[in-house]
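entry_5.txt, holding compact mmCIF, C-alpha atoms and all ligand atoms:
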# COMPACT_ATOMS: atom_id res chain seq x y z
CA MET A 1333 -37.90 -10.18 25.79
CA ARG A 1334 -39.76 -7.28 24.22
CA LYS A 1335 -43.42 -7.92 23.43
CA LEU A 1336 -43.18 -7.46 19.63
CA GLN A 1337 -39.60 -8.62 19.07
CA GLY A 1338 -39.11 -9.85 15.48
CA LYS A 1339 -42.55 -8.78 14.30
CA VAL A 1340 -43.25 -6.49 11.33
CA ALA A 1341 -46.13 -4.01 11.61
CA ILE A 1342 -47.84 -1.54 9.29
CA VAL A 1343 -49.57 1.37 11.02
CA THR A 1344 -51.69 3.36 8.55
CA GLY A 1345 -51.86 7.12 9.03
CA SER A 1346 -48.92 7.13 11.44
CA SER A 1347 -47.33 10.48 10.65
CA MET A 1348 -49.14 12.06 13.60
CA GLY A 1349 -51.68 11.53 16.37
CA ILE A 1350 -52.60 8.10 17.69
CA GLY A 1351 -50.95 6.33 14.73
CA ALA A 1352 -47.57 8.00 15.33
CA ASP A 1353 -47.68 7.04 19.01
CA ILE A 1354 -48.57 3.43 18.18
CA ALA A 1355 -45.75 3.27 15.60
CA LYS A 1356 -43.23 4.51 18.18
CA GLY A 1357 -44.62 2.19 20.86
CA PHE A 1358 -44.40 -0.83 18.55
CA ALA A 1359 -40.78 0.01 17.68
CA THR A 1360 -39.94 0.32 21.39
CA GLU A 1361 -41.35 -3.19 21.84
CA GLY A 1362 -39.04 -4.53 19.13
CA ALA A 1363 -41.20 -4.45 15.99
CA SER A 1364 -39.99 -3.24 12.59
CA VAL A 1365 -42.54 -0.61 11.67
CA VAL A 1366 -43.93 0.77 8.42
CA VAL A 1367 -44.97 4.37 8.98
CA ASN A 1368 -47.64 5.30 6.43
CA TYR A 1369 -48.52 8.86 5.44
CA PRO A 1370 -50.79 10.17 2.66
CA SER A 1371 -48.82 13.07 1.17
CA GLU A 1372 -46.48 15.29 3.23
CA LYS A 1373 -43.41 13.38 4.38
CA GLU A 1374 -42.22 15.93 6.96
CA ASN A 1375 -44.21 14.53 9.90
CA ALA A 1376 -43.45 10.94 8.94
CA ASN A 1377 -39.75 11.81 8.96
CA LYS A 1378 -40.06 13.07 12.54
CA VAL A 1379 -41.58 9.73 13.56
CA LEU A 1380 -38.78 7.86 11.75
CA ASP A 1381 -36.14 10.02 13.48
CA GLU A 1382 -37.63 9.38 16.92
CA ILE A 1383 -37.76 5.64 16.27
CA ALA A 1384 -34.16 5.59 14.99
CA GLN A 1385 -32.90 7.64 17.95
CA ALA A 1386 -34.49 5.11 20.31
CA GLY A 1387 -32.67 2.30 18.46
CA GLY A 1388 -35.74 1.06 16.57
CA LYS A 1389 -36.26 0.08 12.94
CA ALA A 1390 -38.79 1.76 10.61
CA ILE A 1391 -39.43 2.88 7.05
CA ALA A 1392 -41.95 5.41 5.75
CA VAL A 1393 -44.24 4.71 2.79
CA MET A 1394 -46.48 7.29 1.17
CA ALA A 1395 -49.89 5.84 0.35
CA ASP A 1396 -53.40 7.24 0.35
CA ILE A 1397 -55.22 4.41 2.04
CA SER A 1398 -58.40 5.08 0.04
CA VAL A 1399 -56.59 4.46 -3.29
CA GLU A 1400 -56.31 0.79 -4.26
CA ALA A 1401 -53.02 1.11 -6.19
CA ASP A 1402 -51.44 2.96 -3.24
CA VAL A 1403 -52.51 0.27 -0.78
CA ILE A 1404 -51.09 -2.49 -2.99
CA ARG A 1405 -47.80 -0.56 -3.19
CA LEU A 1406 -47.74 -0.03 0.61
CA PHE A 1407 -47.78 -3.79 1.19
CA GLU A 1408 -45.34 -4.44 -1.65
CA GLU A 1409 -42.86 -1.95 -0.13
CA THR A 1410 -43.30 -3.67 3.22
CA ARG A 1411 -42.56 -7.07 1.68
CA LYS A 1412 -39.47 -5.70 -0.08
CA ALA A 1413 -38.14 -4.04 3.09
CA PHE A 1414 -38.93 -6.70 5.70
CA GLY A 1415 -40.07 -9.82 3.85
CA ARG A 1416 -43.07 -10.48 6.06
CA LEU A 1417 -46.00 -8.93 7.96
CA ASP A 1418 -47.36 -9.81 11.39
CA VAL A 1419 -49.50 -6.83 12.44
CA LEU A 1420 -51.73 -4.33 10.62
CA VAL A 1421 -53.13 -1.32 12.46
CA ASN A 1422 -55.91 0.37 10.46
CA ASN A 1423 -55.58 3.78 12.06
CA ALA A 1424 -55.79 6.26 9.14
CA GLY A 1425 -59.08 8.06 9.48
CA VAL A 1426 -60.95 11.33 9.16
CA TYR A 1427 -63.64 12.86 11.35
CA LYS A 1428 -65.61 15.86 10.18
CA PHE A 1429 -68.79 16.39 12.16
CA ALA A 1430 -71.71 18.10 10.39
CA PRO A 1431 -75.39 18.71 11.14
CA ILE A 1432 -77.70 16.70 8.90
CA GLU A 1433 -78.51 19.81 6.82
CA GLU A 1434 -74.82 19.93 5.81
CA VAL A 1435 -74.30 16.25 5.01
CA THR A 1436 -73.25 15.88 1.37
CA PRO A 1437 -72.26 12.96 -0.87
CA GLU A 1438 -68.70 14.34 -0.69
CA LEU A 1439 -68.67 14.19 3.12
CA PHE A 1440 -70.08 10.65 3.02
CA HIS A 1441 -67.55 9.43 0.45
CA LEU A 1442 -64.63 11.10 2.26
CA HIS A 1443 -65.42 9.13 5.43
CA PHE A 1444 -66.38 5.86 3.80
CA ASN A 1445 -63.48 5.91 1.32
CA ILE A 1446 -60.78 6.52 3.93
CA ASN A 1447 -62.25 4.98 7.09
CA VAL A 1448 -64.06 1.97 5.59
CA LEU A 1449 -62.76 1.22 2.07
CA GLY A 1450 -59.19 1.95 3.21
CA THR A 1451 -59.56 -0.55 6.05
CA LEU A 1452 -61.02 -3.23 3.76
CA LEU A 1453 -58.28 -2.79 1.13
CA ALA A 1454 -55.54 -2.91 3.75
CA CYS A 1455 -57.05 -6.05 5.33
CA ARG A 1456 -57.20 -7.68 1.88
CA GLN A 1457 -53.51 -7.04 1.22
CA ALA A 1458 -52.47 -7.97 4.78
CA VAL A 1459 -54.12 -11.37 4.52
CA LYS A 1460 -51.97 -12.11 1.44
CA LEU A 1461 -48.75 -11.13 3.24
CA PHE A 1462 -49.38 -12.71 6.67
CA GLY A 1463 -48.71 -16.22 5.41
CA ASP A 1464 -49.06 -19.43 7.43
CA ARG A 1465 -48.05 -17.81 10.75
CA GLY A 1466 -51.27 -15.77 10.76
CA GLY A 1467 -51.31 -12.24 12.13
CA SER A 1468 -53.13 -9.56 14.07
CA ILE A 1469 -55.34 -6.83 12.61
CA ILE A 1470 -56.25 -3.90 14.86
CA ASN A 1471 -58.92 -1.51 13.62
CA LEU A 1472 -59.43 1.96 15.08
CA ALA A 1473 -63.17 2.39 15.61
CA SER A 1474 -64.47 5.04 18.05
CA ALA A 1475 -66.44 5.48 21.25
CA ALA A 1476 -68.54 7.85 19.11
CA ILE A 1477 -70.40 4.68 18.09
CA VAL A 1478 -71.87 4.33 21.56
CA LEU A 1479 -72.03 8.04 22.47
CA ASN A 1480 -74.33 8.96 19.54
CA LEU A 1481 -73.06 12.55 19.55
CA PRO A 1482 -75.20 15.06 17.63
CA THR A 1483 -73.63 15.97 14.22
CA SER A 1484 -71.49 12.80 14.16
CA SER A 1485 -73.84 10.77 11.93
CA VAL A 1486 -71.49 10.22 8.96
CA TYR A 1487 -68.38 9.64 11.07
CA ALA A 1488 -70.13 7.38 13.59
CA ALA A 1489 -71.71 5.36 10.76
CA SER A 1490 -68.27 4.80 9.23
CA LYS A 1491 -66.90 3.62 12.57
CA SER A 1492 -69.91 1.34 13.16
CA ALA A 1493 -68.97 -0.24 9.84
CA ILE A 1494 -65.46 -0.79 11.22
CA ASN A 1495 -66.83 -2.78 14.14
CA THR A 1496 -68.93 -4.88 11.81
CA ILE A 1497 -65.88 -5.54 9.63
CA THR A 1498 -63.94 -6.54 12.76
CA ALA A 1499 -66.62 -9.01 13.84
CA VAL A 1500 -67.03 -10.55 10.38
CA LEU A 1501 -63.32 -10.84 9.60
CA ALA A 1502 -62.60 -12.34 13.04
CA LYS A 1503 -64.84 -15.28 12.07
CA GLU A 1504 -63.70 -15.37 8.44
CA LEU A 1505 -59.97 -15.28 9.20
CA GLY A 1506 -59.78 -17.10 12.54
CA PRO A 1507 -59.17 -20.47 10.83
CA ARG A 1508 -56.09 -18.87 9.21
CA LYS A 1509 -54.70 -17.79 12.64
CA ILE A 1510 -55.50 -14.15 11.89
CA ARG A 1511 -56.98 -12.28 14.84
CA VAL A 1512 -59.07 -9.13 14.23
CA ASN A 1513 -59.93 -6.70 17.02
CA SER A 1514 -61.05 -3.07 17.36
CA ILE A 1515 -60.04 -0.27 19.68
CA SER A 1516 -62.69 2.40 20.28
CA PRO A 1517 -61.03 5.45 21.83
CA GLY A 1518 -62.94 8.21 23.58
CA LEU A 1519 -61.84 11.77 22.77
CA ILE A 1520 -58.04 11.82 22.45
CA ASP A 1521 -55.87 14.94 22.35
CA THR A 1522 -54.19 14.76 18.90
CA GLU A 1523 -53.19 17.10 16.10
CA GLY A 1524 -56.40 16.06 14.36
CA THR A 1525 -58.74 16.81 17.27
CA HIS A 1526 -56.98 20.17 17.75
CA ALA A 1527 -57.44 21.04 14.08
CA ALA A 1528 -61.10 19.96 14.26
CA GLY A 1529 -61.66 22.33 17.19
CA PHE A 1530 -62.66 19.55 19.62
CA ILE A 1531 -59.83 20.22 22.06
CA GLY A 1532 -60.69 23.28 24.15
CA SER A 1533 -64.36 23.15 23.12
CA ASP A 1534 -67.52 22.79 25.20
CA LEU A 1535 -67.75 19.25 23.80
CA GLU A 1536 -64.40 18.36 25.36
CA THR A 1537 -65.45 19.84 28.72
CA SER A 1538 -68.73 17.96 28.62
CA LEU A 1539 -67.12 14.62 27.67
CA ALA A 1540 -64.40 14.96 30.35
CA ALA A 1541 -67.12 15.70 32.93
CA GLN A 1542 -68.93 12.47 31.92
CA THR A 1543 -65.71 10.42 32.00
CA PRO A 1544 -65.34 8.40 35.22
CA LEU A 1545 -61.54 8.82 35.08
CA GLY A 1546 -62.08 12.55 34.64
CA ARG A 1547 -60.00 13.74 31.71
CA THR A 1548 -59.51 13.74 27.94
CA GLY A 1549 -57.48 10.81 26.63
CA ARG A 1550 -53.94 10.88 25.24
CA PRO A 1551 -52.38 8.78 22.46
CA SER A 1552 -50.27 7.11 25.16
CA ASP A 1553 -53.52 5.74 26.66
CA ILE A 1554 -54.17 3.85 23.41
CA THR A 1555 -50.70 2.55 22.50
CA PRO A 1556 -50.36 -0.07 25.29
CA ILE A 1557 -53.73 -1.51 24.25
CA ALA A 1558 -52.53 -1.74 20.64
CA VAL A 1559 -49.29 -3.41 21.81
CA PHE A 1560 -51.38 -5.91 23.80
CA LEU A 1561 -53.61 -6.71 20.80
CA ALA A 1562 -50.56 -7.05 18.54
CA SER A 1563 -48.72 -9.36 20.94
CA GLU A 1564 -49.09 -13.02 21.84
CA GLU A 1565 -50.52 -11.90 25.22
CA SER A 1566 -53.87 -11.43 23.47
CA GLY A 1567 -53.52 -14.66 21.48
CA TRP A 1568 -56.95 -15.94 22.56
CA LEU A 1569 -58.79 -12.66 21.74
CA THR A 1570 -60.49 -12.06 18.43
CA GLY A 1571 -63.59 -10.20 17.32
CA GLU A 1572 -63.43 -7.90 20.34
CA ASN A 1573 -63.99 -4.15 20.51
CA LEU A 1574 -62.11 -2.59 23.42
CA VAL A 1575 -63.63 0.77 24.41
CA VAL A 1576 -60.63 2.76 25.68
CA SER A 1577 -62.22 5.91 27.01
CA GLY A 1578 -61.58 6.25 30.76
CA GLY A 1579 -64.99 4.67 31.25
CA LEU A 1580 -66.92 7.16 29.06
CA ARG A 1581 -69.94 5.42 27.47
N1 LIG B 1601 -58.50 11.50 18.35
C1 LIG B 1601 -59.66 11.04 18.79
O1 LIG B 1601 -60.33 11.64 19.66
C2 LIG B 1601 -60.21 9.74 18.25
C3 LIG B 1601 -61.26 9.12 18.93
C4 LIG B 1601 -61.78 7.94 18.42
C5 LIG B 1601 -61.24 7.36 17.28
N2 LIG B 1601 -60.21 7.99 16.65
C6 LIG B 1601 -59.68 7.37 15.43
O2 LIG B 1601 -58.29 7.18 15.58
C7 LIG B 1601 -57.66 7.37 14.32
C8 LIG B 1601 -56.56 8.41 14.45
O3 LIG B 1601 -57.10 9.64 14.93
P1 LIG B 1601 -56.16 10.89 15.24
O4 LIG B 1601 -56.93 11.83 16.08
O5 LIG B 1601 -54.83 10.43 15.68
O6 LIG B 1601 -56.03 11.54 13.77
P2 LIG B 1601 -55.04 12.68 13.23
O7 LIG B 1601 -54.31 13.35 14.33
O8 LIG B 1601 -55.85 13.51 12.29
O9 LIG B 1601 -54.00 11.81 12.38
C9 LIG B 1601 -54.51 11.06 11.30
C10 LIG B 1601 -53.38 10.42 10.55
O10 LIG B 1601 -53.92 9.71 9.42
C11 LIG B 1601 -53.31 10.20 8.23
N3 LIG B 1601 -54.25 10.08 7.10
C12 LIG B 1601 -55.36 10.81 6.86
N4 LIG B 1601 -55.94 10.40 5.71
C13 LIG B 1601 -55.17 9.41 5.21
C14 LIG B 1601 -55.23 8.59 4.06
N5 LIG B 1601 -56.20 8.75 3.15
N6 LIG B 1601 -54.27 7.66 3.87
C15 LIG B 1601 -53.26 7.49 4.77
N7 LIG B 1601 -53.16 8.24 5.89
C16 LIG B 1601 -54.10 9.18 6.11
C17 LIG B 1601 -52.94 11.64 8.56
O11 LIG B 1601 -51.96 12.17 7.66
P3 LIG B 1601 -52.08 13.72 7.20
O12 LIG B 1601 -52.18 14.52 8.45
O13 LIG B 1601 -50.84 13.98 6.42
O14 LIG B 1601 -53.34 13.81 6.40
C18 LIG B 1601 -52.40 11.44 9.98
O15 LIG B 1601 -51.11 10.90 9.96
C19 LIG B 1601 -58.75 7.73 13.33
O16 LIG B 1601 -59.19 6.57 12.66
C20 LIG B 1601 -59.85 8.26 14.22
O17 LIG B 1601 -61.13 8.16 13.65
C21 LIG B 1601 -59.67 9.16 17.10
Show this structure as structure tokens.
Amino acid sequence: MRKLQGKVAIVTGSSMGIGADIAKGFATEGASVVVNYPSEKENANKVLDEIAQAGGKAIAVMADISVEADVIRLFEETRKAFGRLDVLVNNAGVYKFAPIEEVTPELFHLHFNINVLGTLLACRQAVKLFGDRGGSIINLASAAIVLNLPTSSVYAASKSAINTITAVLAKELGPRKIRVNSISPGLIDTEGTHAAGFIGSDLETSLAAQTPLGRTGRPSDITPIAVFLASEESGWLTGENLVVSGGLR
């Protein structure tokens, strides 16, 4: 029996990076998956093709997670396609580091609208669709919260908010059989971290040197943890933040 057989999962921001890997991993474990992307469908189509070729089931839905009407439509499309929801992964996120002299209201709102408001809106809609069976919400936070990296103030603040949301909603929603947990990855080699210039930088070298397991992470290091948190195997876990960083703290 596959670990997510019969379940329906939405993975926000799953056209690339960690989200794409989680979407594919969930499908491999038997879930029907909603691949969410904000604008360009090309990458989402690649994820759909890979899932289909492996015999899995998925649809793609365009939705900017920071826009309320889009989020409502994302869950409505999910209901129309699959009739239920069991797992929400709040993965869509941005990370733009800036020294304090360069912090602007725009930078703040970009992070808090996508990383924080997007997570809250998606949780709100998920709770309506989970129904009496309950469900599992998995929020992508970040090890940046504990590393306190210079120039990460806006990003790290947004991810600290994610952990607070996880802790509060775990208590608020536990009586409705809805579990809420966070994953805090260390640096992971993704399209996003390449584009941001983290991969190949002195920061990457320094973080790998401080990592007990001695390397930069990969999306495939995160996916099994997400599968675990989505599955009944973690049925007695809620309100937890799993730091998945090869031991980097
Ligand atoms: N990679 C790391 O080192 C690391 C470490 C700790 C935590 N995290 C967290 O893990 C998550 C994924 O990171 P990643 O490195 O995989 O990112 P990534 O490679 O940049 O991929 C991000 C995904 O989110 C989508 N997205 C961006 N804005 C969106 C929006 N407003 N609505 C819907 N989707 C949106 C992107 O689509 P487009 O490309 O089309 O915009 C893309 O599919 C983020 O929350 C990040 O903060 C990452």
Residues up to 8 Å from ligand LIG 1601 (chain B), counting all atoms listed in the file: could you list those as a PyMOL selection string?
chain A and resi 1344-1352+1368-1373+1375-1376+1394-1399+1422-1427+1446-1447+1450+1472-1476+1487+1491+1516-1525+1527+1549+1551
Could you please determine the separation between atom CA of Glu1409 of chain A and atom CA of Thr1451 of chain A in Å, to one decimal place?
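Between atom CA of Glu1409 of chain A and atom CA of Thr1451 of chain A the gap works out to 17.9 Å.
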Among the residues A:Ala1392, A:Leu1574, A:Val1478, A:Ala1493, the one that comes closest to Ser1514 of chain A [using all atoms listed in the file]
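For Ser1514 of chain A, the nearest of the given residues is A:Leu1574.
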Which residues are close to Val1421 of chain A, i.e. within 8 Å by all atoms listed in the file, leaving aside same-chain residues fewer than 4 positions away? Reply as a ChimeraX atom specification.
/A:1341-1344,1469-1472
Ranking A:Leu1479, A:Val1459, A:Val1419, A:Ile1432 by minimum distance to Ser1563 of chain A and counting all atoms listed in the file, which one comes first?
A:Val1419
Measuring between only C-alpha atoms, which one of A:Ala1454, A:Leu1461, A:Val1379, A:Ser1538 shows the shortest distance to Ala1401 of chain A?
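With only C-alpha atoms as the atom set, the closest residue is A:Ala1454.
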Rounded to one decimal place, report the atom CA of Ala1355 of chain A-atom CA of Thr1496 of chain A distance in Å.
24.9 Å
Please identify all polymer residues within 12 Å of Arg1511 of chain A, counting all atoms listed in the file, omitting same-chain residues fewer than 3 positions from it, and present them as a ChimeraX atom specification.
/A:1418-1421,1455,1458-1459,1462,1465-1471,1498-1508,1514,1561-1564,1566-1572
Would you work out the distance separating atom CA of Lys1428 of chain A from atom CA of Asn1445 of chain A, expressed in Å to one decimal?
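Atom CA of Asn1445 of chain A lies at a distance of 13.5 Å from atom CA of Lys1428 of chain A.
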Could you work out an axis-aligned box for segment 1568-1573 of chain A, taking every atom the file lists and adding 5 Å on each side, and report centre and edge lengths in Å to one decimal, as lines of an AutoDock Vina configuration file?
center_x = -60.5
center_y = -10.0
center_z = 19.9
size_x = 17.0
size_y = 21.8
size_z = 15.2
